[in-house]
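Listing of data.tsv, TSV, C-alpha atoms
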chain	number	residue	atom	x	y	z
T	1	MET	CA	-15.53	83.16	-19.45
T	2	ASP	CA	-12.85	80.72	-18.35
T	3	SER	CA	-15.23	78.05	-17.08
T	4	PRO	CA	-16.87	74.95	-18.57
T	5	ALA	CA	-20.21	76.00	-17.11
T	6	PRO	CA	-22.73	77.55	-19.52
T	7	ALA	CA	-23.37	81.26	-19.17
T	8	PRO	CA	-25.95	82.10	-16.48
T	9	ALA	CA	-29.55	82.43	-17.58
T	10	GLY	CA	-31.19	85.82	-17.74
T	11	ALA	CA	-30.46	89.18	-19.25
T	12	HIS	CA	-26.88	90.03	-20.05
T	13	GLY	CA	-24.85	92.38	-17.90
T	14	PRO	CA	-22.64	95.21	-19.19
T	15	PHE	CA	-20.74	94.02	-22.23
T	16	PHE	CA	-17.01	93.96	-21.79
T	17	HIS	CA	-15.77	92.90	-25.21
T	18	ALA	CA	-17.07	92.90	-28.76
T	19	ARG	CA	-15.82	92.02	-32.21
T	20	ALA	CA	-16.92	91.58	-35.79
T	21	ILE	CA	-17.63	87.94	-36.61
T	22	ALA	CA	-18.99	88.38	-40.15
T	23	PRO	CA	-19.83	91.25	-42.50
T	24	LYS	CA	-22.23	93.67	-40.77
T	25	THR	CA	-22.29	91.45	-37.69
T	26	ILE	CA	-20.95	92.30	-34.22
T	27	LEU	CA	-20.82	89.88	-31.28
T	28	TYR	CA	-21.09	91.41	-27.79
T	29	THR	CA	-20.20	89.42	-24.66
T	30	ASP	CA	-20.50	90.20	-20.96
T	31	ALA	CA	-18.20	89.07	-18.14
T	32	ASP	CA	-20.24	85.89	-17.53
T	33	GLY	CA	-20.22	84.81	-21.17
T	34	ARG	CA	-23.76	85.93	-22.01
T	35	ASP	CA	-23.81	87.46	-25.43
T	36	GLU	CA	-25.87	88.84	-28.26
T	37	ILE	CA	-25.40	89.72	-31.90
T	38	ARG	CA	-26.13	93.00	-33.66
T	39	GLU	CA	-26.41	92.66	-37.40
T	40	VAL	CA	-27.37	94.69	-40.45
T	41	GLY	CA	-28.50	98.22	-39.51
T	42	SER	CA	-25.95	101.02	-39.78
T	43	ARG	CA	-22.32	100.68	-38.80
T	44	SER	CA	-22.72	103.25	-36.03
T	45	TRP	CA	-25.65	101.29	-34.57
T	46	ARG	CA	-23.91	97.91	-34.80
T	47	ASN	CA	-20.89	99.37	-32.99
T	48	CYS	CA	-22.90	101.42	-30.45
T	49	ASN	CA	-20.66	104.19	-31.78
T	50	ALA	CA	-23.00	107.14	-32.37
T	51	GLY	CA	-20.23	109.34	-33.71
T	52	ASN	CA	-18.36	106.76	-35.81
T	53	ILE	CA	-15.22	107.40	-33.77
T	54	ARG	CA	-12.13	105.65	-35.07
T	55	LYS	CA	-10.43	102.92	-33.07
T	56	GLY	CA	-7.33	103.92	-31.12
T	57	ASP	CA	-6.08	105.12	-27.76
T	58	PHE	CA	-8.76	107.79	-27.44
T	59	SER	CA	-11.65	105.39	-27.95
T	60	ILE	CA	-10.09	102.86	-25.56
T	61	ASN	CA	-9.73	105.56	-22.91
T	62	CYS	CA	-13.42	106.33	-23.45
T	63	GLY	CA	-14.37	102.74	-22.76
T	64	ALA	CA	-14.33	101.08	-26.18
T	65	ILE	CA	-14.60	97.30	-25.81
T	66	GLY	CA	-13.40	96.36	-29.29
T	67	ASP	CA	-13.31	97.51	-32.88
T	68	ASP	CA	-14.53	96.38	-36.29
T	69	GLY	CA	-11.16	96.89	-37.94
T	70	SER	CA	-11.54	100.65	-38.40
T	71	PHE	CA	-14.08	102.01	-35.93
T	72	ALA	CA	-14.42	101.59	-32.18
T	73	ILE	CA	-17.13	99.45	-30.59
T	74	PHE	CA	-18.69	100.67	-27.35
T	75	SER	CA	-20.72	98.70	-24.84
T	76	ASP	CA	-23.97	100.63	-25.38
T	77	GLU	CA	-25.48	103.66	-27.10
T	78	GLU	CA	-24.93	106.04	-24.18
T	79	SER	CA	-21.23	105.15	-23.95
T	80	GLY	CA	-20.88	105.94	-27.63
T	81	LYS	CA	-22.51	109.35	-27.21
T	82	ALA	CA	-20.38	110.05	-24.14
T	83	ALA	CA	-17.30	109.47	-26.30
T	84	ILE	CA	-18.48	112.20	-28.71
T	85	ILE	CA	-18.81	114.63	-25.81
T	86	ALA	CA	-15.41	113.63	-24.44
T	87	LEU	CA	-13.82	114.24	-27.83
T	88	LEU	CA	-15.41	117.68	-28.24
T	89	ARG	CA	-14.09	118.65	-24.79
T	90	THR	CA	-10.48	117.74	-25.54
T	91	THR	CA	-7.85	120.43	-26.12
T	92	ALA	CA	-8.06	119.76	-29.86
T	93	TYR	CA	-11.68	121.00	-29.92
T	94	ILE	CA	-12.61	122.98	-26.85
T	95	LYS	CA	-11.28	126.35	-28.10
T	96	LEU	CA	-12.94	126.02	-31.52
T	97	THR	CA	-16.24	127.44	-32.64
T	98	LEU	CA	-19.02	124.97	-33.33
T	99	LYS	CA	-18.46	125.33	-37.07
T	100	GLN	CA	-14.71	124.83	-36.76
T	101	ALA	CA	-15.29	121.81	-34.54
T	102	ILE	CA	-17.66	120.17	-37.02
T	103	PHE	CA	-15.23	120.82	-39.88
T	104	ARG	CA	-12.51	119.11	-37.84
T	105	TYR	CA	-14.78	116.27	-36.77
T	106	ALA	CA	-16.13	115.72	-40.30
T	107	PRO	CA	-13.56	117.21	-42.71
T	108	PRO	CA	-14.71	118.41	-46.15
T	109	ASN	CA	-12.60	115.85	-48.00
T	110	GLU	CA	-14.84	113.12	-46.54
T	111	ASN	CA	-18.12	114.90	-45.74
T	112	GLN	CA	-20.52	117.66	-46.69
T	113	SER	CA	-19.16	119.64	-43.76
T	114	GLU	CA	-21.11	122.85	-44.43
T	115	ASP	CA	-24.44	121.00	-44.47
T	116	TYR	CA	-23.35	118.95	-41.44
T	117	ALA	CA	-22.63	122.11	-39.42
T	118	LYS	CA	-25.88	123.82	-40.46
T	119	PHE	CA	-27.89	120.73	-39.47
T	120	ILE	CA	-26.31	120.73	-36.00
T	121	ARG	CA	-26.99	124.47	-35.66
T	122	ASP	CA	-30.61	124.16	-36.76
T	123	LYS	CA	-31.38	121.19	-34.51
T	124	THR	CA	-29.58	122.43	-31.39
T	125	GLY	CA	-30.14	126.17	-31.66
T	126	ILE	CA	-26.45	126.73	-30.98
T	127	ALA	CA	-24.79	129.38	-33.15
T	128	LEU	CA	-22.00	128.22	-35.43
T	129	THR	CA	-19.85	131.00	-33.96
T	130	ALA	CA	-20.29	129.74	-30.39
T	131	VAL	CA	-17.03	128.57	-28.79
T	132	LEU	CA	-17.24	125.09	-27.32
T	133	ALA	CA	-15.53	126.22	-24.12
T	134	ASP	CA	-18.52	128.48	-23.42
T	135	LEU	CA	-21.13	125.75	-23.81
T	136	LYS	CA	-22.90	123.92	-21.01
T	137	MET	CA	-22.98	120.13	-20.68
T	138	ASP	CA	-26.56	120.07	-21.90
T	139	ASP	CA	-25.39	121.77	-25.11
T	140	PHE	CA	-22.81	119.05	-25.65
T	141	ARG	CA	-25.50	116.41	-25.17
T	142	LYS	CA	-27.62	118.09	-27.85
T	143	ILE	CA	-24.66	118.20	-30.25
T	144	ALA	CA	-23.89	114.51	-29.64
T	145	LYS	CA	-27.56	113.60	-30.16
T	146	PHE	CA	-27.66	115.17	-33.61
T	147	ILE	CA	-24.18	114.05	-34.61
T	148	GLN	CA	-25.65	110.58	-34.08
T	149	VAL	CA	-28.38	111.43	-36.60
T	150	VAL	CA	-25.97	112.78	-39.21
T	151	GLU	CA	-23.71	109.77	-38.82
T	152	GLY	CA	-26.59	107.59	-39.95
T	153	TRP	CA	-27.75	105.72	-36.84
T	154	LYS	CA	-30.18	103.08	-38.11
T	155	PRO	CA	-31.17	100.10	-35.94
T	156	GLY	CA	-30.87	96.61	-37.34
T	157	THR	CA	-31.50	93.23	-35.72
T	158	ILE	CA	-30.47	92.06	-32.24
T	159	ARG	CA	-30.53	88.30	-31.77
T	160	PRO	CA	-29.04	85.64	-29.50
T	161	ASN	CA	-25.71	84.15	-30.45
T	162	GLY	CA	-26.72	80.59	-31.30
T	163	PRO	CA	-25.45	77.93	-33.69
T	164	PRO	CA	-26.81	78.82	-37.15
T	165	ALA	CA	-27.39	75.22	-38.28
T	166	PRO	CA	-26.43	71.67	-37.32
T	167	LEU	CA	-23.51	69.94	-38.94
T	168	ILE	CA	-25.13	66.52	-38.81
T	169	GLY	CA	-28.55	65.11	-38.07
T	170	ALA	CA	-30.02	64.97	-34.61
T	171	GLY	CA	-29.86	61.18	-34.62
T	172	ALA	CA	-26.07	61.07	-34.58
T	173	ALA	CA	-24.47	58.88	-31.93
T	174	ILE	CA	-22.93	60.59	-28.93
T	175	GLY	CA	-19.23	60.26	-28.19
T	176	VAL	CA	-16.21	62.26	-29.27
T	177	ALA	CA	-16.55	65.92	-30.31
T	178	SER	CA	-16.61	66.55	-34.03
T	179	ALA	CA	-15.67	69.62	-36.05
T	180	ALA	CA	-17.64	72.85	-35.74
T	181	ALA	CA	-21.36	73.07	-36.36
T	182	SER	CA	-22.54	74.10	-39.81
T	183	ALA	CA	-18.95	74.02	-41.03
T	184	THR	CA	-18.47	74.33	-44.75
T	185	GLN	CA	-15.29	74.34	-46.78
T	186	ASN	CA	-14.50	78.00	-46.15
T	187	TRP	CA	-13.12	77.67	-42.61
T	188	MET	CA	-10.86	74.82	-43.69
T	189	ALA	CA	-9.78	76.90	-46.69
T	190	ILE	CA	-8.63	79.57	-44.23
T	191	ALA	CA	-6.70	76.95	-42.28
T	192	ARG	CA	-5.00	75.69	-45.44
T	193	ARG	CA	-4.18	79.22	-46.51
T	194	GLU	CA	-2.55	80.01	-43.17
T	195	ALA	CA	-0.68	76.70	-43.06
T	196	ALA	CA	0.69	77.30	-46.56
T	197	LEU	CA	2.45	80.49	-45.47
T	198	PRO	CA	6.26	80.52	-45.24
T	199	ALA	CA	7.47	78.94	-42.01
T	200	HIS	CA	8.65	82.29	-40.64
T	201	GLU	CA	5.12	83.70	-40.85
T	202	ARG	CA	3.39	80.81	-39.05
T	203	ASN	CA	5.84	80.10	-36.23
T	204	GLN	CA	6.97	81.85	-33.10
T	205	TRP	CA	9.88	84.25	-33.55
T	206	PRO	CA	13.09	84.31	-31.52
T	207	ASP	CA	12.94	86.79	-28.67
T	208	PRO	CA	12.61	89.72	-28.50
T	209	GLY	CA	10.51	89.45	-31.68
T	210	GLU	CA	6.82	88.54	-31.59
T	211	ASN	CA	4.94	87.15	-34.57
T	212	PRO	CA	1.97	89.52	-35.11
T	213	ARG	CA	0.05	86.82	-36.98
T	214	ILE	CA	-0.05	84.56	-33.92
T	215	LEU	CA	-1.00	87.45	-31.66
T	216	ASN	CA	-3.81	88.29	-34.07
T	217	TYR	CA	-5.22	84.76	-33.71
T	218	PHE	CA	-5.76	85.52	-30.02
T	219	LYS	CA	-7.14	89.00	-30.70
T	220	VAL	CA	-9.71	87.64	-33.13
T	221	CYS	CA	-10.75	84.53	-31.20
T	222	ALA	CA	-10.79	85.92	-27.63
T	223	PRO	CA	-10.24	89.67	-27.27
T	224	TRP	CA	-10.75	89.40	-23.51
T	225	PHE	CA	-7.74	87.09	-23.11
T	226	GLU	CA	-4.44	88.68	-22.15
T	227	VAL	CA	-1.68	86.69	-23.84
T	228	ASP	CA	0.98	85.86	-21.27
T	229	GLY	CA	4.10	84.81	-23.11
T	230	CYS	CA	3.21	86.47	-26.40
T	231	ASP	CA	3.77	84.23	-29.43
T	232	GLU	CA	5.28	81.47	-27.28
T	233	VAL	CA	1.87	80.59	-25.81
T	234	ASP	CA	0.25	77.45	-27.24
T	235	TRP	CA	-2.05	78.83	-29.89
T	236	CYS	CA	-3.69	75.78	-31.50
T	237	ALA	CA	-7.22	76.53	-30.23
T	238	ALA	CA	-6.82	80.23	-30.99
T	239	PHE	CA	-5.97	79.25	-34.54
T	240	VAL	CA	-9.04	77.00	-34.87
T	241	ASN	CA	-11.29	79.78	-33.57
T	242	TYR	CA	-9.64	82.26	-35.93
T	243	CYS	CA	-10.61	80.01	-38.85
T	244	LEU	CA	-14.17	79.55	-37.59
T	245	VAL	CA	-14.74	83.30	-37.50
T	246	SER	CA	-15.32	83.01	-41.25
T	247	GLY	CA	-18.99	82.64	-40.35
T	248	HIS	CA	-19.23	79.79	-37.84
T	249	MET	CA	-19.54	79.84	-34.09
T	250	GLY	CA	-16.30	79.30	-32.23
T	251	THR	CA	-15.75	79.21	-28.48
T	252	ASP	CA	-14.47	82.75	-27.79
T	253	HIS	CA	-11.77	81.05	-25.74
T	254	PRO	CA	-8.09	80.39	-26.52
T	255	GLY	CA	-7.90	77.03	-24.73
T	256	ALA	CA	-8.35	73.66	-26.43
T	257	ARG	CA	-10.53	72.55	-23.51
T	258	SER	CA	-13.16	75.05	-24.59
T	259	LEU	CA	-13.93	72.92	-27.64
T	260	PHE	CA	-14.89	70.04	-25.34
T	261	TRP	CA	-16.87	72.29	-22.98
T	262	ASN	CA	-19.20	72.94	-25.92
T	263	LYS	CA	-21.08	75.49	-23.84
T	264	LYS	CA	-23.39	76.63	-26.61
T	265	LYS	CA	-23.85	73.15	-28.06
T	266	GLN	CA	-22.39	74.42	-31.32
T	267	PHE	CA	-20.34	71.26	-31.79
T	268	HIS	CA	-21.95	67.93	-32.50
T	269	VAL	CA	-20.42	64.79	-31.06
T	270	LEU	CA	-19.76	61.59	-32.96
T	271	GLN	CA	-19.26	58.08	-31.69
T	272	ALA	CA	-15.62	57.17	-32.08
T	273	ARG	CA	-15.27	53.91	-33.99
T	274	ASN	CA	-11.74	53.35	-32.83
T	275	GLN	CA	-10.36	55.94	-30.49
T	276	ALA	CA	-6.91	54.42	-30.75
T	277	ARG	CA	-6.78	54.94	-34.50
T	278	SER	CA	-5.16	58.13	-35.73
T	279	ARG	CA	-5.69	59.94	-39.01
T	280	PHE	CA	-1.96	60.58	-39.07
T	281	PRO	CA	0.98	58.17	-39.13
T	282	ALA	CA	2.74	57.68	-35.83
T	283	THR	CA	5.79	59.91	-35.41
T	284	PRO	CA	8.32	60.34	-32.64
T	285	PRO	CA	7.79	63.32	-30.31
T	286	SER	CA	8.56	66.56	-32.04
T	287	PRO	CA	10.59	69.34	-30.41
T	288	THR	CA	8.32	71.92	-32.00
T	289	ARG	CA	5.49	73.51	-30.05
T	290	ALA	CA	2.05	71.94	-29.99
T	291	GLY	CA	0.49	74.86	-31.81
T	292	GLN	CA	2.97	74.48	-34.66
T	293	ARG	CA	2.34	70.75	-34.95
T	294	GLU	CA	-1.41	71.25	-35.09
T	295	THR	CA	-1.04	73.93	-37.72
T	296	ALA	CA	0.97	71.54	-39.87
T	297	MET	CA	-1.62	68.82	-39.40
T	298	SER	CA	-4.46	71.09	-40.41
T	299	ALA	CA	-2.73	71.70	-43.71
T	300	SER	CA	-2.76	67.99	-44.52
T	301	TRP	CA	-6.26	67.28	-43.23
T	302	SER	CA	-8.86	66.56	-45.91
T	303	PRO	CA	-12.62	66.28	-45.31
Let me see whether you can do it: turn the structure in this file into structure tokens.
Amino acid sequence: MDSPAPAPAGAHGPFFHARAIAPKTILYTDADGRDEIREVGSRSWRNCNAGNIRKGDFSINCGAIGDDGSFAIFSDEESGKAAIIALLRTTAYIKLTLKQAIFRYAPPNENQSEDYAKFIRDKTGIALTAVLADLKMDDFRKIAKFIQVVEGWKPGTIRPNGPPAPLIGAGAAIGVASAAASATQNWMAIARREAALPAHERNQWPDPGENPRILNYFKVCAPWFEVDGCDEVDWCAAFVNYCLVSGHMGTDHPGARSLFWNKKKQFHVLQARNQARSRFPATPPSPTRAGQRETAMSASWSP
């Protein structure tokens, strides 16, 4: 991931992080940067989460590689079903009958729990009075299989993660990197919105405090990256990628250099007419952090 080289050719390996990049769209990435997108279909299918298990410590301990804001994302279908089995074998479930377990798993205030339980009984042949502790592993696999059905598993589309459209024509001169491909006003609107926040909300906080907004920029743009230094880390590129998630392809990397790597060719390059000319008036060096300066500049930038 942390290399200017393009991802290796060939089929992807096990995915190690995933995130939502647009409505009904999940981006999966492996350790070498190879990725794919799952879109449309059911939420459980997009998340490889057969049981629609909520995000949290349990799902992370079961191998979740991300979340969509509410529900966990697993690396593949089998990992998602294994998480169902792991949940049913916890102390919160193992001493319950099958019916009691289903009513806990899918409570009546949110589900048709009676019909849910009867469906599992009819499809698995396991009595609703059976205690989970007395079941065999094959029984748990059957239960997980049909929980997947009830939870609405419906495949959608799997496609490569490629730039959706060019920003400028193919005949553009080559030179200095431009803004993101296919960028429209919405990503800049996000930048302006963030830059217009009160200073306390868009700057690092005195220790021991940490600004959750800055940490979220990193979480959204590069979930694989472990922030060392918390909100004191330079976050300019993380902020740009956070804005691009509105529907454009970012770099999935928190470093500014990743924009120049342009590994997926999602950024077009323009010939600089005068590289010495700045869009901003010259100012003496500022004591503020680079990320803060760039945030301020993005607020005054106009296309």
Spatial neighbours of Ala237 in chain T, 10 Å, all atoms listed in the file, chain gap at least 6 places, as a ChimeraX atom specification: /T:217-218,221,243,250-259,291,294
Rank nothing, just name the residue among T:Val220, T:Phe239, T:Val150, T:Arg141 nearest to Ala195 in chain T, using only C-alpha atoms. T:Phe239
Using all atoms listed in the file, what table do you get, as CSV, when you list each residue of range 10-114 of chain T with an atom no more than 7 Å from range 122-132 of chain T, its nearest pair of atoms, and their distance in Å rounded to one decimal, rows by chain then rising number?
residue,atom,partner,partner_atom,distance
T:Ile94,CA,T:Leu132,CA,5.1
T:Lys95,CA,T:Leu132,CA,6.1
T:Leu96,CA,T:Val131,CA,5.5
T:Thr97,CA,T:Val131,CA,4.1
T:Leu98,CA,T:Leu128,CA,4.9
T:Lys99,CA,T:Leu128,CA,4.9
Residues at most 6 Å from range 53-58 of chain T, counting only C-alpha atoms, excluding those fewer than 2 positions away in the same chain, as a VMD selection string? chain T and resid 51 60 to 61 70 to 72
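One finds CA of Ile158 in chain T at 20.5 Å from CA of Lys265 in chain T.
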Pick out the residues sitting within 12 Å of range 13-28 of chain T, and hand them over as a PyMOL selection string; count all atoms listed in the file, and ignore anything fewer than 6 positions along from it in its own chain. chain T and resi 1+7+34-48+60+63-77+79+156-162+219-225+241-250+252
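Taking CA of Lys263 in chain T as the reference point, CA of Gly33 in chain T is found at 9.7 Å.
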Applying 8 Å and only C-alpha atoms, which residues near Ala144 in chain T remain after dropping the ones on its own chain fewer than 5 positions away? List them as an NGL selection string. :T and (50-51 or 81-82 or 84-85)
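Taking CA of Gly152 in chain T and CA of Leu135 in chain T as the two end points, the separation is 24.9 Å.
Residues with at least one atom no more than 7 Å from (2.0, 83.7, -40.0), using all atoms listed in the file, are Glu194, Leu197, His200, Glu201, Arg202, Asn203, Arg213 and Ile214 of chain T.
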So, counting all atoms listed in the file, which residue among T:Gln148, T:Met188, T:Phe103, T:Pro108 is closest to Gly80 in chain T? T:Gln148
Where atoms are missing, can you supply all heavy atoms for range 55-66 of chain T and output the lot as an mmCIF file, in the coordinates of the input?
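Everything below was put into selection_30.cif:
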data_model
loop_
_atom_site.group_PDB
_atom_site.id
_atom_site.type_symbol
_atom_site.label_atom_id
_atom_site.label_comp_id
_atom_site.auth_asym_id
_atom_site.auth_seq_id
_atom_site.Cartn_x
_atom_site.Cartn_y
_atom_site.Cartn_z
ATOM 1 N N LYS T 55 -11.099 103.693 -34.118
ATOM 2 C CA LYS T 55 -10.430 102.920 -33.070
ATOM 3 C C LYS T 55 -9.109 103.601 -32.727
ATOM 4 O O LYS T 55 -8.536 104.340 -33.533
ATOM 5 C CB LYS T 55 -10.180 101.489 -33.529
ATOM 6 C CG LYS T 55 -9.137 101.362 -34.633
ATOM 7 C CD LYS T 55 -8.848 99.912 -34.960
ATOM 8 C CE LYS T 55 -7.718 99.786 -35.989
ATOM 9 N NZ LYS T 55 -7.389 98.382 -36.292
ATOM 10 N N GLY T 56 -8.607 103.345 -31.531
ATOM 11 C CA GLY T 56 -7.330 103.920 -31.120
ATOM 12 C C GLY T 56 -7.313 104.196 -29.642
ATOM 13 O O GLY T 56 -8.238 103.847 -28.900
ATOM 14 N N ASP T 57 -6.254 104.859 -29.195
ATOM 15 C CA ASP T 57 -6.080 105.120 -27.760
ATOM 16 C C ASP T 57 -7.228 105.951 -27.197
ATOM 17 O O ASP T 57 -7.684 105.703 -26.080
ATOM 18 C CB ASP T 57 -4.753 105.828 -27.510
ATOM 19 C CG ASP T 57 -3.549 104.932 -27.772
ATOM 20 O OD1 ASP T 57 -3.726 103.698 -27.784
ATOM 21 O OD2 ASP T 57 -2.444 105.465 -27.946
ATOM 22 N N PHE T 58 -7.682 106.945 -27.964
ATOM 23 C CA PHE T 58 -8.760 107.790 -27.440
ATOM 24 C C PHE T 58 -10.013 106.971 -27.172
ATOM 25 O O PHE T 58 -10.611 107.078 -26.096
ATOM 26 C CB PHE T 58 -9.080 108.941 -28.398
ATOM 27 C CG PHE T 58 -10.280 109.735 -27.965
ATOM 28 C CD1 PHE T 58 -10.167 110.695 -26.971
ATOM 29 C CD2 PHE T 58 -11.540 109.495 -28.513
ATOM 30 C CE1 PHE T 58 -11.291 111.410 -26.536
ATOM 31 C CE2 PHE T 58 -12.658 110.200 -28.083
ATOM 32 C CZ PHE T 58 -12.526 111.164 -27.095
ATOM 33 N N SER T 59 -10.418 106.170 -28.136
ATOM 34 C CA SER T 59 -11.650 105.390 -27.950
ATOM 35 C C SER T 59 -11.499 104.385 -26.807
ATOM 36 O O SER T 59 -12.452 104.156 -26.052
ATOM 37 C CB SER T 59 -12.034 104.683 -29.244
ATOM 38 O OG SER T 59 -11.057 103.737 -29.638
ATOM 39 N N ILE T 60 -10.319 103.798 -26.672
ATOM 40 C CA ILE T 60 -10.090 102.860 -25.560
ATOM 41 C C ILE T 60 -10.211 103.579 -24.226
ATOM 42 O O ILE T 60 -10.834 103.085 -23.280
ATOM 43 C CB ILE T 60 -8.712 102.189 -25.711
ATOM 44 C CG1 ILE T 60 -8.705 101.262 -26.926
ATOM 45 C CG2 ILE T 60 -8.355 101.405 -24.445
ATOM 46 C CD1 ILE T 60 -7.352 100.686 -27.252
ATOM 47 N N ASN T 61 -9.633 104.780 -24.145
ATOM 48 C CA ASN T 61 -9.730 105.560 -22.910
ATOM 49 C C ASN T 61 -11.167 105.965 -22.612
ATOM 50 O O ASN T 61 -11.511 106.237 -21.452
ATOM 51 C CB ASN T 61 -8.855 106.811 -23.007
ATOM 52 C CG ASN T 61 -7.374 106.479 -22.976
ATOM 53 O OD1 ASN T 61 -6.979 105.426 -22.472
ATOM 54 N ND2 ASN T 61 -6.542 107.363 -23.510
ATOM 55 N N CYS T 62 -12.000 106.002 -23.645
ATOM 56 C CA CYS T 62 -13.420 106.330 -23.450
ATOM 57 C C CYS T 62 -14.272 105.093 -23.212
ATOM 58 O O CYS T 62 -15.507 105.184 -23.166
ATOM 59 C CB CYS T 62 -13.941 107.092 -24.665
ATOM 60 S SG CYS T 62 -13.351 108.797 -24.770
ATOM 61 N N GLY T 63 -13.628 103.952 -23.098
ATOM 62 C CA GLY T 63 -14.370 102.740 -22.760
ATOM 63 C C GLY T 63 -14.688 101.812 -23.898
ATOM 64 O O GLY T 63 -15.509 100.893 -23.731
ATOM 65 N N ALA T 64 -14.071 101.999 -25.064
ATOM 66 C CA ALA T 64 -14.330 101.080 -26.180
ATOM 67 C C ALA T 64 -13.982 99.657 -25.764
ATOM 68 O O ALA T 64 -12.981 99.417 -25.074
ATOM 69 C CB ALA T 64 -13.522 101.490 -27.401
ATOM 70 N N ILE T 65 -14.801 98.700 -26.190
ATOM 71 C CA ILE T 65 -14.600 97.300 -25.810
ATOM 72 C C ILE T 65 -14.163 96.441 -26.992
ATOM 73 O O ILE T 65 -14.113 95.217 -26.896
ATOM 74 C CB ILE T 65 -15.866 96.713 -25.166
ATOM 75 C CG1 ILE T 65 -17.056 96.783 -26.149
ATOM 76 C CG2 ILE T 65 -16.195 97.433 -23.872
ATOM 77 C CD1 ILE T 65 -18.304 96.069 -25.645
ATOM 78 N N GLY T 66 -13.845 97.083 -28.096
ATOM 79 C CA GLY T 66 -13.400 96.360 -29.290
ATOM 80 C C GLY T 66 -13.416 97.290 -30.477
ATOM 81 O O GLY T 66 -13.615 98.503 -30.348
#
